[in-house]
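Here's structure29.cif, which has mmCIF, C-alpha atoms:
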data_data
loop_
_atom_site.group_PDB
_atom_site.id
_atom_site.type_symbol
_atom_site.label_atom_id
_atom_site.label_comp_id
_atom_site.auth_asym_id
_atom_site.auth_seq_id
_atom_site.Cartn_x
_atom_site.Cartn_y
_atom_site.Cartn_z
ATOM 1 C CA VAL A 1 56.197 -19.529 13.578
ATOM 2 C CA PRO A 2 58.101 -22.561 14.845
ATOM 3 C CA TRP A 3 55.121 -24.889 15.417
ATOM 4 C CA LEU A 4 53.866 -24.735 11.838
ATOM 5 C CA THR A 5 54.805 -27.682 9.683
ATOM 6 C CA LYS A 6 53.581 -26.152 6.397
ATOM 7 C CA LYS A 7 53.432 -22.764 4.742
ATOM 8 C CA PRO A 8 50.381 -20.681 5.762
ATOM 9 C CA SER A 9 49.172 -20.852 2.147
ATOM 10 C CA GLU A 10 49.103 -24.654 2.383
ATOM 11 C CA TYR A 11 46.851 -24.493 5.470
ATOM 12 C CA LEU A 12 44.483 -22.256 3.517
ATOM 13 C CA ARG A 13 44.497 -24.656 0.595
ATOM 14 C CA ASP A 14 43.673 -27.564 2.915
ATOM 15 C CA HIS A 15 40.960 -25.891 5.017
ATOM 16 C CA VAL A 16 39.455 -22.809 3.352
ATOM 17 C CA ARG A 17 37.203 -22.340 0.336
ATOM 18 C CA ILE A 18 36.100 -19.026 -1.146
ATOM 19 C CA ALA A 19 32.849 -18.406 -3.015
ATOM 20 C CA SER A 20 32.902 -16.306 -6.152
ATOM 21 C CA GLN A 21 29.867 -14.087 -5.485
ATOM 22 C CA PRO A 22 30.005 -11.141 -5.697
ATOM 23 C CA LEU A 23 32.629 -11.240 -8.398
ATOM 24 C CA GLU A 24 34.073 -7.780 -8.917
ATOM 25 C CA ARG A 25 35.695 -8.061 -12.315
ATOM 26 C CA PRO A 26 38.412 -5.797 -13.643
ATOM 27 C CA ASP A 27 37.842 -4.426 -17.136
ATOM 28 C CA ASN A 28 40.678 -6.524 -18.517
ATOM 29 C CA ASP A 29 39.944 -10.289 -18.488
ATOM 30 C CA GLN A 30 43.686 -11.033 -18.357
ATOM 31 C CA HIS A 31 43.880 -9.225 -15.030
ATOM 32 C CA LEU A 32 41.098 -11.406 -13.616
ATOM 33 C CA LEU A 33 42.877 -14.541 -14.825
ATOM 34 C CA GLN A 34 46.091 -13.346 -13.151
ATOM 35 C CA MET A 35 44.190 -12.689 -9.908
ATOM 36 C CA LEU A 36 42.638 -16.161 -10.042
ATOM 37 C CA GLU A 37 46.089 -17.652 -10.422
ATOM 38 C CA MET A 38 47.464 -15.653 -7.468
ATOM 39 C CA LEU A 39 44.450 -16.721 -5.405
ATOM 40 C CA ASP A 40 45.078 -20.401 -6.220
ATOM 41 C CA ALA A 41 41.510 -20.486 -7.553
ATOM 42 C CA GLU A 42 42.170 -23.902 -9.027
ATOM 43 C CA HIS A 43 42.033 -25.282 -5.494
ATOM 44 C CA ILE A 44 40.037 -22.892 -3.290
ATOM 45 C CA LEU A 45 37.469 -21.030 -5.411
ATOM 46 C CA MET A 46 33.915 -22.338 -5.807
ATOM 47 C CA PHE A 47 31.317 -20.724 -8.044
ATOM 48 C CA SER A 48 28.304 -19.162 -6.349
ATOM 49 C CA SER A 49 25.643 -17.146 -8.102
ATOM 50 C CA ASP A 50 23.492 -15.564 -5.359
ATOM 51 C CA TYR A 51 20.464 -16.456 -7.497
ATOM 52 C CA PRO A 52 17.564 -15.431 -7.350
ATOM 53 C CA HIS A 53 18.647 -11.942 -6.285
ATOM 54 C CA TRP A 54 18.445 -9.362 -9.062
ATOM 55 C CA ASP A 55 22.230 -8.843 -9.065
ATOM 56 C CA PHE A 56 23.204 -12.526 -9.190
ATOM 57 C CA ASP A 57 26.281 -13.673 -11.135
ATOM 58 C CA SER A 58 25.268 -15.663 -14.193
ATOM 59 C CA PRO A 59 27.558 -18.675 -14.660
ATOM 60 C CA LYS A 60 27.701 -17.868 -18.376
ATOM 61 C CA GLN A 61 28.756 -14.245 -17.856
ATOM 62 C CA ALA A 62 30.579 -14.075 -14.520
ATOM 63 C CA PHE A 63 33.914 -15.371 -15.761
ATOM 64 C CA PRO A 64 35.850 -14.836 -18.973
ATOM 65 C CA LYS A 65 36.784 -17.825 -21.098
ATOM 66 C CA LEU A 66 38.644 -20.057 -18.669
ATOM 67 C CA PRO A 67 40.898 -22.991 -19.450
ATOM 68 C CA ASP A 68 38.734 -26.135 -19.323
ATOM 69 C CA ALA A 69 40.558 -27.611 -16.316
ATOM 70 C CA LEU A 70 40.223 -24.399 -14.276
ATOM 71 C CA ARG A 71 36.561 -24.011 -15.222
ATOM 72 C CA SER A 72 35.850 -27.574 -14.107
ATOM 73 C CA ARG A 73 37.602 -26.970 -10.788
ATOM 74 C CA ILE A 74 35.732 -23.721 -10.027
ATOM 75 C CA PHE A 75 32.308 -24.878 -11.181
ATOM 76 C CA TYR A 76 32.392 -28.486 -9.958
ATOM 77 C CA GLU A 77 35.492 -30.269 -8.686
ATOM 78 C CA ASN A 78 36.349 -27.957 -5.764
ATOM 79 C CA ALA A 79 32.845 -28.247 -4.284
ATOM 80 C CA LYS A 80 32.775 -31.996 -4.931
ATOM 81 C CA GLU A 81 36.044 -32.468 -3.030
ATOM 82 C CA PHE A 82 35.195 -30.013 -0.230
ATOM 83 C CA TYR A 83 31.769 -31.552 0.484
ATOM 84 C CA LYS A 84 33.047 -35.089 -0.143
ATOM 85 C CA LEU A 85 30.385 -35.800 -2.773
#

Could you write out this file's structure as structure tokens?
Amino acid sequence: VPWLTKKPSEYLRDHVRIASQPLERPDNDQHLLQMLEMLDAEHILMFSSDYPHWDFDSPKQAFPKLPDALRSRIFYENAKEFYKL
């Protein structure tokens, strides 16, 4: 598309955020980590629990052990930046 000045993925990164609920997890935690990387979760994923519904995603159980930097981005930094807090 000739009028675009960036890759489509860069427009998504600049303007779109995705909430994590409902999180459909694969059986293998490595597969989820690979999917998060492909999704660019470090920049566009924000945790959401859907609490108080009975099938909410607990922040302690929804994700496998994440690298500290990625966990901070998903659970705090991405929302802070997006909402300009």

*Figure out the distance between CA of Ala19 (chain A) and CA of Tyr83 (chain A), please, to one decimal in Å.*
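Those two atoms sit 13.6 Å apart.
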
*For this file, the PyMOL selection byres ((chain A and resi 13) around 10) selects which residues, as a list in words?*
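On the file shown, the PyMOL selection byres ((chain A and resi 13) around 10) covers Pro8, Ser9, Glu10, Tyr11, Leu12, Asp14, His15, Val16, Arg17, Leu39, Asp40, Ala41, Glu42, His43, Ile44 and Leu45 of chain A.
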
Please dump the current selection as a tab-separated table (two decimals), in the coordinates of the input; keep C-alpha atoms.
chain	number	residue	atom	x	y	z
A	8	PRO	CA	50.38	-20.68	5.76
A	9	SER	CA	49.17	-20.85	2.15
A	10	GLU	CA	49.10	-24.65	2.38
A	11	TYR	CA	46.85	-24.49	5.47
A	12	LEU	CA	44.48	-22.26	3.52
A	14	ASP	CA	43.67	-27.56	2.92
A	15	HIS	CA	40.96	-25.89	5.02
A	16	VAL	CA	39.46	-22.81	3.35
A	17	ARG	CA	37.20	-22.34	0.34
A	39	LEU	CA	44.45	-16.72	-5.40
A	40	ASP	CA	45.08	-20.40	-6.22
A	41	ALA	CA	41.51	-20.49	-7.55
A	42	GLU	CA	42.17	-23.90	-9.03
A	43	HIS	CA	42.03	-25.28	-5.49
A	44	ILE	CA	40.04	-22.89	-3.29
A	45	LEU	CA	37.47	-21.03	-5.41

*asked:* As an exercise, work out the distance from CA of Leu36 (chain A) to CA of Glu24 (chain A) in Å and give it to one decimal place.
replied: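 Straight-line distance from CA of Leu36 (chain A) to CA of Glu24 (chain A) works out to 12.0 Å.
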
Residue list as a PDB file with C-alpha atoms, keeping the file's coordinate frame for point (34.6, -9.9, -15.5), cut-off 7 Å, only C-alpha atoms:
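Result saved to result.pdb:
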ATOM      1  CA  GLU A  24      34.073  -7.780  -8.917  1.00  0.00           C
ATOM      2  CA  ARG A  25      35.695  -8.061 -12.315  1.00  0.00           C
ATOM      3  CA  PRO A  26      38.412  -5.797 -13.643  1.00  0.00           C
ATOM      4  CA  ASP A  27      37.842  -4.426 -17.136  1.00  0.00           C
ATOM      5  CA  ASP A  29      39.944 -10.289 -18.488  1.00  0.00           C
ATOM      6  CA  LEU A  32      41.098 -11.406 -13.616  1.00  0.00           C
ATOM      7  CA  ALA A  62      30.579 -14.075 -14.520  1.00  0.00           C
ATOM      8  CA  PHE A  63      33.914 -15.371 -15.761  1.00  0.00           C
ATOM      9  CA  PRO A  64      35.850 -14.836 -18.973  1.00  0.00           C
TER      10      PRO A  64
END

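Compared by their closest atoms to Leu66 (chain A), and using only C-alpha atoms, the residues A:Gln30, A:Ile18, A:Leu23, A:Leu4 rank with A:Gln30 nearest.
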
_Could you check the closest approach to Lys80 (chain A) for each of A:Lys60, A:Phe47, A:Lys7, A:Pro67 and tell me which residue wins, using all atoms listed in the file?_
A:Phe47

For region 31-42 of chain A, supply all heavy atoms and format the output as a tab-separated table (two decimals), in the coordinates of the input.
chain	number	residue	atom	x	y	z
A	31	HIS	N	43.62	-9.58	-16.43
A	31	HIS	CA	43.88	-9.22	-15.03
A	31	HIS	C	43.11	-10.15	-14.09
A	31	HIS	O	43.63	-10.58	-13.06
A	31	HIS	CB	43.52	-7.77	-14.76
A	31	HIS	CG	44.39	-6.80	-15.48
A	31	HIS	ND1	44.05	-5.48	-15.66
A	31	HIS	CD2	45.60	-6.94	-16.09
A	31	HIS	CE1	45.01	-4.87	-16.34
A	31	HIS	NE2	45.95	-5.74	-16.61
A	32	LEU	N	41.88	-10.47	-14.44
A	32	LEU	CA	41.10	-11.41	-13.62
A	32	LEU	C	41.75	-12.78	-13.62
A	32	LEU	O	41.89	-13.40	-12.56
A	32	LEU	CB	39.66	-11.51	-14.11
A	32	LEU	CG	38.79	-12.50	-13.33
A	32	LEU	CD1	38.68	-12.10	-11.87
A	32	LEU	CD2	37.42	-12.63	-13.96
A	33	LEU	N	42.21	-13.24	-14.76
A	33	LEU	CA	42.88	-14.54	-14.82
A	33	LEU	C	44.15	-14.55	-13.98
A	33	LEU	O	44.45	-15.53	-13.31
A	33	LEU	CB	43.18	-14.91	-16.27
A	33	LEU	CG	41.95	-15.20	-17.14
A	33	LEU	CD1	42.36	-15.35	-18.60
A	33	LEU	CD2	41.21	-16.42	-16.65
A	34	GLN	N	44.89	-13.45	-13.99
A	34	GLN	CA	46.09	-13.35	-13.15
A	34	GLN	C	45.71	-13.38	-11.67
A	34	GLN	O	46.39	-14.03	-10.86
A	34	GLN	CB	46.86	-12.06	-13.47
A	34	GLN	CG	47.53	-12.08	-14.82
A	34	GLN	CD	48.09	-10.72	-15.20
A	34	GLN	OE1	47.74	-9.69	-14.62
A	34	GLN	NE2	48.96	-10.71	-16.21
A	35	MET	N	44.64	-12.69	-11.31
A	35	MET	CA	44.19	-12.69	-9.91
A	35	MET	C	43.74	-14.09	-9.48
A	35	MET	O	44.04	-14.53	-8.37
A	35	MET	CB	43.07	-11.67	-9.69
A	35	MET	CG	43.56	-10.25	-9.81
A	35	MET	SD	42.38	-8.91	-9.52
A	35	MET	CE	40.80	-9.57	-9.72
A	36	LEU	N	43.06	-14.79	-10.36
A	36	LEU	CA	42.64	-16.16	-10.04
A	36	LEU	C	43.84	-17.06	-9.81
A	36	LEU	O	43.83	-17.91	-8.92
A	36	LEU	CB	41.75	-16.72	-11.16
A	36	LEU	CG	40.40	-16.06	-11.34
A	36	LEU	CD1	39.68	-16.64	-12.56
A	36	LEU	CD2	39.54	-16.19	-10.09
A	37	GLU	N	44.88	-16.86	-10.60
A	37	GLU	CA	46.09	-17.65	-10.42
A	37	GLU	C	46.75	-17.33	-9.08
A	37	GLU	O	47.16	-18.23	-8.35
A	37	GLU	CB	47.06	-17.39	-11.57
A	37	GLU	CG	48.31	-18.25	-11.50
A	37	GLU	CD	49.24	-18.02	-12.68
A	37	GLU	OE1	48.81	-17.46	-13.71
A	37	GLU	OE2	50.41	-18.40	-12.55
A	38	MET	N	46.85	-16.05	-8.74
A	38	MET	CA	47.46	-15.65	-7.47
A	38	MET	C	46.66	-16.18	-6.28
A	38	MET	O	47.21	-16.49	-5.24
A	38	MET	CB	47.59	-14.13	-7.38
A	38	MET	CG	48.65	-13.56	-8.29
A	38	MET	SD	48.90	-11.80	-8.04
A	38	MET	CE	47.61	-11.11	-9.05
A	39	LEU	N	45.36	-16.26	-6.45
A	39	LEU	CA	44.45	-16.72	-5.40
A	39	LEU	C	44.49	-18.23	-5.22
A	39	LEU	O	43.99	-18.75	-4.24
A	39	LEU	CB	43.03	-16.28	-5.77
A	39	LEU	CG	41.87	-16.74	-4.95
A	39	LEU	CD1	41.89	-16.07	-3.58
A	39	LEU	CD2	40.56	-16.42	-5.66
A	40	ASP	N	45.10	-18.94	-6.17
A	40	ASP	CA	45.08	-20.40	-6.22
A	40	ASP	C	43.64	-20.88	-6.40
A	40	ASP	O	43.18	-21.82	-5.77
A	40	ASP	CB	45.71	-21.01	-4.97
A	40	ASP	CG	45.99	-22.50	-5.13
A	40	ASP	OD1	46.06	-22.99	-6.28
A	40	ASP	OD2	46.13	-23.19	-4.10
A	41	ALA	N	42.92	-20.19	-7.29
A	41	ALA	CA	41.51	-20.49	-7.55
A	41	ALA	C	41.30	-21.93	-7.97
A	41	ALA	O	40.25	-22.51	-7.70
A	41	ALA	CB	40.98	-19.55	-8.63
A	42	GLU	N	42.29	-22.51	-8.59
A	42	GLU	CA	42.17	-23.90	-9.03
A	42	GLU	C	41.86	-24.83	-7.86
A	42	GLU	O	41.27	-25.88	-8.04
A	42	GLU	CB	43.46	-24.33	-9.72
A	42	GLU	CG	43.41	-25.73	-10.27
A	42	GLU	CD	44.67	-26.11	-11.01
A	42	GLU	OE1	45.55	-25.26	-11.19
A	42	GLU	OE2	44.76	-27.28	-11.42
